[in-house]
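**Q** Got a file for you: input.tsv, TSV, C-alpha atoms and all ligand atoms.
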```tsv
chain	number	residue	atom	x	y	z
A	1	MET	CA	64.74	-106.13	17.41
A	2	SER	CA	62.83	-103.18	18.82
A	3	GLU	CA	64.48	-101.63	21.87
A	4	HIS	CA	61.36	-100.23	23.43
A	5	LEU	CA	59.93	-100.12	26.91
A	6	PRO	CA	56.84	-102.14	27.74
A	7	ASP	CA	53.60	-100.19	27.88
A	8	ALA	CA	52.91	-100.63	31.63
A	9	LEU	CA	52.06	-97.27	33.13
A	10	VAL	CA	51.65	-96.55	36.81
A	11	GLN	CA	49.82	-93.31	37.48
A	12	PRO	CA	51.24	-91.38	40.45
A	13	THR	CA	48.76	-90.72	43.23
A	14	HIS	CA	50.03	-87.23	43.94
A	15	PHE	CA	51.09	-84.10	42.07
A	16	ALA	CA	52.01	-80.66	43.33
A	17	PHE	CA	53.49	-77.69	41.52
A	18	SER	CA	56.94	-76.69	42.76
A	19	ASP	CA	57.05	-73.34	44.61
A	20	ASP	CA	58.43	-71.66	41.53
A	21	ASN	CA	55.81	-73.16	39.23
A	22	ALA	CA	53.01	-72.42	41.72
A	23	GLU	CA	53.94	-68.74	41.37
A	24	LYS	CA	53.99	-69.05	37.58
A	25	ALA	CA	50.58	-70.76	37.69
A	26	LYS	CA	49.14	-67.89	39.73
A	27	ALA	CA	50.52	-65.38	37.25
A	28	ILE	CA	49.03	-67.32	34.32
A	29	ILE	CA	45.58	-67.48	35.94
A	30	ALA	CA	45.73	-63.75	36.73
A	31	LYS	CA	45.99	-62.97	32.99
A	32	TYR	CA	42.36	-63.98	32.46
A	33	PRO	CA	39.37	-61.82	33.39
A	34	ALA	CA	37.22	-62.68	36.40
A	35	GLY	CA	35.03	-65.69	35.68
A	36	ARG	CA	37.22	-66.81	32.75
A	37	GLN	CA	40.02	-68.49	34.70
A	38	ARG	CA	39.21	-71.85	33.12
A	39	SER	CA	40.78	-70.49	29.93
A	40	ALA	CA	44.15	-70.99	31.67
A	41	VAL	CA	43.79	-74.75	31.35
A	42	MET	CA	46.23	-75.20	28.44
A	43	PRO	CA	49.17	-73.20	29.82
A	44	LEU	CA	48.69	-74.84	33.23
A	45	LEU	CA	48.77	-78.31	31.71
A	46	ASP	CA	51.89	-77.32	29.79
A	47	LEU	CA	53.49	-76.07	33.00
A	48	ALA	CA	52.68	-79.33	34.78
A	49	GLN	CA	54.10	-81.32	31.87
A	50	ARG	CA	57.31	-79.29	31.82
A	51	GLN	CA	57.75	-79.97	35.53
A	52	GLU	CA	57.15	-83.73	35.39
A	53	GLY	CA	58.06	-84.54	31.78
A	54	TRP	CA	54.55	-85.88	31.16
A	55	LEU	CA	50.97	-85.23	32.17
A	56	SER	CA	49.60	-87.56	34.82
A	57	ARG	CA	45.99	-87.82	35.87
A	58	ALA	CA	46.99	-86.46	39.31
A	59	ALA	CA	48.41	-83.35	37.62
A	60	MET	CA	45.20	-82.83	35.64
A	61	ASP	CA	43.20	-83.18	38.88
A	62	VAL	CA	45.31	-80.47	40.51
A	63	VAL	CA	44.75	-78.16	37.53
A	64	ALA	CA	40.99	-78.84	37.69
A	65	GLU	CA	40.96	-77.91	41.35
A	66	MET	CA	42.94	-74.71	40.74
A	67	LEU	CA	40.50	-73.64	38.02
A	68	ASP	CA	37.42	-74.81	39.90
A	69	VAL	CA	36.15	-76.98	37.05
A	70	PRO	CA	35.10	-80.66	37.01
A	71	PRO	CA	38.14	-82.90	36.29
A	72	ILE	CA	36.49	-84.18	33.08
A	73	LYS	CA	36.81	-80.68	31.58
A	74	VAL	CA	40.57	-80.88	32.03
A	75	TYR	CA	40.82	-84.51	30.86
A	76	GLU	CA	39.01	-83.48	27.66
A	77	VAL	CA	41.76	-80.97	26.88
A	78	GLY	CA	44.66	-83.11	28.04
A	79	THR	CA	43.60	-86.10	25.97
A	80	PHE	CA	42.74	-84.13	22.82
A	81	TYR	CA	46.08	-82.49	21.95
A	82	THR	CA	49.14	-84.56	21.08
A	83	MET	CA	51.30	-81.86	22.69
A	84	TYR	CA	50.36	-83.38	26.04
A	85	ASN	CA	52.16	-86.62	26.84
A	86	LEU	CA	49.86	-88.92	28.75
A	87	LYS	CA	52.73	-91.26	29.57
A	88	PRO	CA	56.43	-90.66	30.22
A	89	VAL	CA	58.56	-89.89	27.16
A	90	GLY	CA	62.27	-90.23	26.47
A	91	LYS	CA	64.84	-87.45	26.72
A	92	LEU	CA	64.21	-86.68	23.06
A	93	HIS	CA	60.57	-86.66	22.08
A	94	VAL	CA	60.64	-87.07	18.31
A	95	GLN	CA	57.33	-86.21	16.67
A	96	VAL	CA	57.07	-86.84	12.94
A	97	CYS	CA	54.23	-85.27	10.99
A	98	THR	CA	52.57	-87.61	8.50
A	99	ASN	CA	49.70	-85.33	7.51
A	100	ILE	CA	48.97	-84.41	3.90
A	101	SER	CA	51.58	-81.69	3.17
A	102	CYS	CA	54.37	-83.64	4.81
A	103	TRP	CA	53.23	-86.90	3.27
A	104	LEU	CA	53.25	-85.45	-0.23
A	105	ARG	CA	56.76	-84.08	0.30
A	106	GLY	CA	58.42	-87.19	1.70
A	107	ALA	CA	57.24	-87.87	5.27
A	108	PRO	CA	57.54	-91.66	4.77
A	109	GLU	CA	61.30	-91.19	4.28
A	110	VAL	CA	61.51	-89.15	7.50
A	111	VAL	CA	59.60	-91.89	9.33
A	112	ARG	CA	62.02	-94.47	7.91
A	113	ALA	CA	65.03	-92.42	9.02
A	114	ALA	CA	63.62	-91.97	12.54
A	115	GLN	CA	62.90	-95.67	12.89
A	116	ASP	CA	66.35	-96.61	11.55
A	117	VAL	CA	68.22	-94.24	13.89
A	118	LEU	CA	66.12	-94.71	17.02
A	119	GLY	CA	65.37	-98.42	16.58
A	120	ILE	CA	61.75	-98.00	17.68
A	121	ALA	CA	58.35	-97.67	16.04
A	122	PHE	CA	55.66	-95.03	16.54
A	123	GLY	CA	54.34	-94.96	20.11
A	124	GLU	CA	57.46	-96.55	21.56
A	125	THR	CA	60.20	-95.34	23.92
A	126	ARG	CA	63.73	-96.68	23.83
A	127	ARG	CA	64.75	-98.93	26.67
A	128	ASP	CA	67.51	-96.44	27.60
A	129	SER	CA	64.86	-93.65	27.66
A	130	ALA	CA	66.94	-91.68	25.17
A	131	ALA	CA	63.99	-91.12	22.84
A	132	THR	CA	60.31	-91.59	22.17
A	133	LEU	CA	58.91	-91.66	18.64
A	134	SER	CA	55.42	-90.28	17.98
A	135	GLU	CA	53.31	-89.80	14.86
A	136	VAL	CA	51.49	-86.46	14.80
A	137	GLU	CA	48.97	-84.76	12.55
A	138	CYS	CA	50.37	-81.37	11.46
A	139	LEU	CA	52.97	-79.39	13.36
A	140	GLY	CA	51.80	-76.09	11.87
A	141	ALA	CA	54.82	-75.78	9.56
A	142	CYS	CA	53.26	-77.23	6.40
A	143	ALA	CA	55.00	-74.69	4.11
A	144	ASN	CA	58.33	-76.27	5.03
A	145	ALA	CA	57.22	-79.90	4.84
A	146	PRO	CA	58.26	-82.53	5.64
A	147	VAL	CA	58.74	-81.64	9.27
A	148	MET	CA	59.62	-83.28	12.57
A	149	GLN	CA	59.66	-81.76	16.04
A	150	VAL	CA	62.15	-82.80	18.70
A	151	ASN	CA	61.21	-81.47	22.13
A	152	ASP	CA	60.56	-77.76	21.44
A	153	ASP	CA	62.45	-77.51	18.13
A	154	LEU	CA	61.27	-77.94	14.55
A	155	TYR	CA	63.42	-79.47	11.79
A	156	GLU	CA	62.05	-78.71	8.33
A	157	ASP	CA	62.54	-79.56	4.63
A	158	LEU	CA	63.79	-82.98	5.62
A	159	THR	CA	64.99	-85.90	3.54
A	160	TYR	CA	65.98	-89.36	4.72
A	161	ASP	CA	69.61	-88.23	4.98
A	162	THR	CA	69.04	-84.94	6.77
A	163	ALA	CA	66.55	-86.44	9.22
A	164	LYS	CA	69.05	-89.21	9.97
A	165	ALA	CA	71.89	-86.70	10.47
A	166	VAL	CA	69.78	-84.52	12.79
A	167	LEU	CA	68.72	-87.45	14.96
A	168	GLU	CA	72.20	-88.96	15.12
A	169	ALA	CA	73.59	-85.59	16.23
A	170	LEU	CA	70.88	-85.15	18.87
A	171	LEU	CA	71.51	-88.62	20.27
A	172	LYS	CA	75.18	-87.67	20.65
A	173	GLY	CA	74.16	-84.57	22.62
A	174	GLU	CA	74.98	-82.19	19.79
A	175	LYS	CA	72.79	-79.27	18.74
A	176	PRO	CA	72.12	-79.40	15.01
A	177	ALA	CA	70.74	-76.25	13.39
A	178	ILE	CA	67.00	-75.99	13.76
A	179	GLY	CA	64.59	-74.88	11.01
A	180	SER	CA	65.01	-75.60	7.31
A	181	GLN	CA	67.64	-78.22	6.53
A	182	THR	CA	67.99	-76.95	2.95
A	183	GLY	CA	68.88	-73.45	4.07
A	184	ARG	CA	65.79	-71.79	2.73
A	185	ARG	CA	64.82	-68.63	4.51
A	186	GLY	CA	61.60	-68.87	6.49
A	187	ALA	CA	58.85	-70.16	4.26
A	188	CYS	CA	60.15	-68.61	1.02
A	189	PRO	CA	59.47	-70.73	-2.10
A	190	CYS	CA	61.70	-73.82	-1.94
A	191	LYS	CA	63.09	-73.17	-5.46
A	192	GLY	CA	63.90	-69.54	-4.73
A	193	ALA	CA	62.05	-66.32	-5.22
A	194	THR	CA	59.75	-66.11	-8.22
A	195	THR	CA	58.28	-62.66	-7.55
A	196	LEU	CA	59.50	-59.54	-5.75
A	197	LYS	CA	63.05	-60.59	-6.53
A	198	ASP	CA	64.61	-57.19	-5.90
A	199	LYS	CA	65.61	-56.21	-2.45
A	200	ALA	CA	63.99	-53.10	-1.01
A	201	GLY	CA	67.06	-50.91	-1.74
A	202	ASP	CA	67.10	-51.89	-5.44
A	203	HIS	CA	63.91	-50.01	-6.09
A	204	VAL	CA	65.47	-46.54	-5.82
A	205	LEU	CA	64.84	-44.79	-9.15
A	206	LYS	CA	67.92	-43.71	-11.08
A	207	GLU	CA	66.16	-40.70	-12.70
A	208	THR	CA	63.29	-38.67	-11.54
A	209	PRO	CA	60.58	-39.25	-14.13
A	210	LYS	CA	59.22	-36.18	-15.88
A	211	ALA	CA	55.96	-35.05	-14.46
A	212	ALA	CA	53.08	-36.14	-16.64
A	213	PRO	CA	51.27	-33.21	-18.35
A	214	LYS	CA	48.13	-32.26	-16.57
A	215	ALA	CA	45.08	-33.56	-18.33
A	216	ALA	CA	43.19	-30.75	-20.06
A	217	ALA	CA	40.15	-29.79	-18.11
A	218	LYS	CA	37.03	-31.01	-19.74
A	219	THR	CA	34.93	-28.17	-21.05
A	220	SER	CA	31.26	-28.08	-21.45
A	221	PRO	CA	28.76	-25.46	-22.46
A	222	GLU	CA	28.05	-25.03	-18.76
A	223	ALA	CA	31.70	-24.54	-17.81
A	224	GLY	CA	32.62	-21.06	-16.67
A	225	LYS	CA	29.03	-19.98	-16.06
A	226	GLU	CA	28.55	-18.25	-12.80
A	227	THR	CA	25.97	-19.63	-10.51
A	228	PRO	CA	23.20	-17.08	-10.16
B	301	LIG	S1	51.07	-81.25	7.31
B	301	LIG	FE1	52.99	-81.54	8.27
B	301	LIG	S2	53.30	-79.65	9.31
B	301	LIG	FE2	51.30	-79.45	8.51
```
Represent the structure from my file as structure tokens, please.
**A**
Amino acid sequence: MSEHLPDALVQPTHFAFSDDNAEKAKAIIAKYPAGRQRSAVMPLLDLAQRQEGWLSRAAMDVVAEMLDVPPIKVYEVGTFYTMYNLKPVGKLHVQVCTNISCWLRGAPEVVRAAQDVLGIAFGETRRDSAATLSEVECLGACANAPVMQVNDDLYEDLTYDTAKAVLEALLKGEKPAIGSQTGRRGACPCKGATTLKDKAGDHVLKETPKAAPKAAAKTSPEAGKETP
């Protein structure tokens, strides 16, 4: 049986940045040239979300007022990107990518592991608010697919077993290693290096090669003639 919260959502009627965040908001807006302050919309929405845990309509209205733009301009941004949570999420926000690269490399198994461990389906939050499970379209780490993001951290090169182990550890309050779960470095080829295998230091030449003989200068009947 799914242990998820019902969908009812009550929008708060009020939002205000904390004193600390109000200062941060001012500093963010000041980064943009005069007349371009509306470009601060994304970091301001992120700041509001980090304060409240999700992005309410009241928060978007406050951002619109700060940037002197119609509220619809802010709603358009807030509702477009999945990075903004338009309803409260659990302590762990588990986002599993099911886009093409991840799908081809085993995303369905990651989805299965997440559903097995969390006991919820996509779009649901656990009744104990420990976790929310979301389906997302590309987390920008396609080279290390399949990938899931939990809060601000990415877990890459997942299988059913590693995804399960990561989520079980997180639910226990542990901090599993982030990044590749197979130990590959960055986005190097998953089966090891195939080119440029030597490390930089291995390229030092053992012997100085003999200088190549200078090519004989081409001669022509005109060569050597002095210009009158
Ligand atoms: S397709 Fe999954 S991270 Fe890009």
**Q** Taking only C-alpha atoms into account, name the residue in A:Asn85, A:Thr182, A:Gln149, A:Gln37 that is nearest to Val110 of chain A.
**A** A:Gln149
**Q** Select, from A:Ser101, A:Thr125, A:Thr159, A:Thr82, the residue with the minimum atom-to-atom distance to ligand LIG 301 (chain B), counting only C-alpha atoms and all ligand atoms.
**A**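 Going through A:Ser101, A:Thr125, A:Thr159, A:Thr82 one by one, the smallest distance to ligand LIG 301 (chain B) is for A:Ser101.
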**Q** Determine, for each residue of chain A having at least one atom at most 7 Å from an atom of ligand LIG 301 (chain B), the closest pair of atoms and their separation in Å to one decimal, counting all atoms listed in the file; order by chain and ascending number, as a tab-separated table.
**A**
```
residue	atom	partner	partner_atom	distance
A:Cys97	CA	B:LIG301	FE1	4.8
A:Thr98	CA	B:LIG301	FE1	6.1
A:Asn99	CA	B:LIG301	S1	4.3
A:Ile100	CA	B:LIG301	S1	5.1
A:Ser101	CA	B:LIG301	S1	4.2
A:Cys102	CA	B:LIG301	FE1	4.3
A:Glu137	CA	B:LIG301	S1	6.6
A:Cys138	CA	B:LIG301	FE2	3.6
A:Leu139	CA	B:LIG301	S2	4.1
A:Gly140	CA	B:LIG301	S2	4.6
A:Ala141	CA	B:LIG301	S2	4.2
A:Cys142	CA	B:LIG301	FE2	3.6
A:Ala145	CA	B:LIG301	FE1	5.7
A:Pro146	CA	B:LIG301	FE1	6.0
A:Val147	CA	B:LIG301	S2	5.8
```
**Q** Using all atoms listed in the file, which residues sit within 8 Å of Leu44 of chain A once same-chain residues fewer than 5 positions away are excluded, as a PyMOL selection string?
**A** chain A and resi 25+28+63
**Q** What is the distance between atom CA of Arg38 of chain A and atom CA of Leu67 of chain A, in Å to one decimal?
**A**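 Those two atoms sit 5.4 Å apart.
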**Q** Using Å and a single decimal, report how far atom CA of Ala165 of chain A sits from atom CA of Ile178 of chain A.
**A**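 Answer for the atom CA of Ile178 of chain A to atom CA of Ala165 of chain A separation: 12.2 Å.
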**Q** Expressed in Å to a single decimal, how great is the separation between atom CA of Gln95 of chain A and atom CA of Thr13 of chain A?
**A**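 Going from atom CA of Gln95 of chain A over to atom CA of Thr13 of chain A covers 28.3 Å.
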**Q** Counting all atoms listed in the file, which residue out of A:Leu154, A:Val94, A:Leu170, A:Leu55 sits closest to Thr132 of chain A?
**A**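 Smallest separation from Thr132 of chain A among the options: A:Val94.
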**Q** Please provide the set of residues having any atom within 12 Å of Asp161 of chain A, restricted to all atoms listed in the file, with same-chain residues fewer than 4 positions apart removed, written as a PyMOL selection string.
**A** chain A and resi 106+109-114+116-117+157+165-168+181-182
**Q** Out of A:Met83, A:Val10, A:Leu171, A:Ala40, which residue has the shortest atom-to-atom distance to Val69 of chain A when counting only C-alpha atoms?
**A**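 Checking each candidate against Val69 of chain A, we get A:Ala40 as the closest.
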**Q** Have segment 186-197 of chain A completed to N, CA and C atoms, please, and pass it along as a short mmCIF file (atom, residue, chain, number, x, y, z; two decimals), keeping the file's coordinate frame.
**A**
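Okay, result-v6.cif is ready:
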```cif
data_model
loop_
_atom_site.label_atom_id
_atom_site.label_comp_id
_atom_site.auth_asym_id
_atom_site.auth_seq_id
_atom_site.Cartn_x
_atom_site.Cartn_y
_atom_site.Cartn_z
N GLY A 186 63.00 -68.86 6.09
CA GLY A 186 61.60 -68.87 6.49
C GLY A 186 60.81 -69.83 5.62
N ALA A 187 59.68 -69.34 5.12
CA ALA A 187 58.85 -70.16 4.26
C ALA A 187 58.86 -69.62 2.84
N CYS A 188 60.02 -69.07 2.41
CA CYS A 188 60.15 -68.61 1.02
C CYS A 188 59.95 -69.82 0.10
N PRO A 189 59.63 -69.59 -1.19
CA PRO A 189 59.47 -70.73 -2.10
C PRO A 189 60.72 -71.61 -2.09
N CYS A 190 60.55 -72.92 -2.10
CA CYS A 190 61.70 -73.82 -1.94
C CYS A 190 62.65 -73.77 -3.13
N LYS A 191 62.18 -73.28 -4.31
CA LYS A 191 63.09 -73.17 -5.46
C LYS A 191 63.54 -71.75 -5.66
N GLY A 192 63.45 -70.93 -4.63
CA GLY A 192 63.90 -69.54 -4.73
C GLY A 192 62.77 -68.61 -5.09
N ALA A 193 63.08 -67.32 -4.99
CA ALA A 193 62.05 -66.32 -5.22
C ALA A 193 61.58 -66.35 -6.66
N THR A 194 60.30 -66.19 -6.87
CA THR A 194 59.75 -66.11 -8.22
C THR A 194 59.11 -64.74 -8.47
N THR A 195 58.83 -64.02 -7.43
CA THR A 195 58.28 -62.66 -7.55
C THR A 195 59.01 -61.80 -6.54
N LEU A 196 58.89 -60.49 -6.69
CA LEU A 196 59.50 -59.54 -5.75
C LEU A 196 60.97 -59.88 -5.52
N LYS A 197 61.67 -60.13 -6.64
CA LYS A 197 63.05 -60.59 -6.53
C LYS A 197 64.00 -59.53 -6.02
#
```
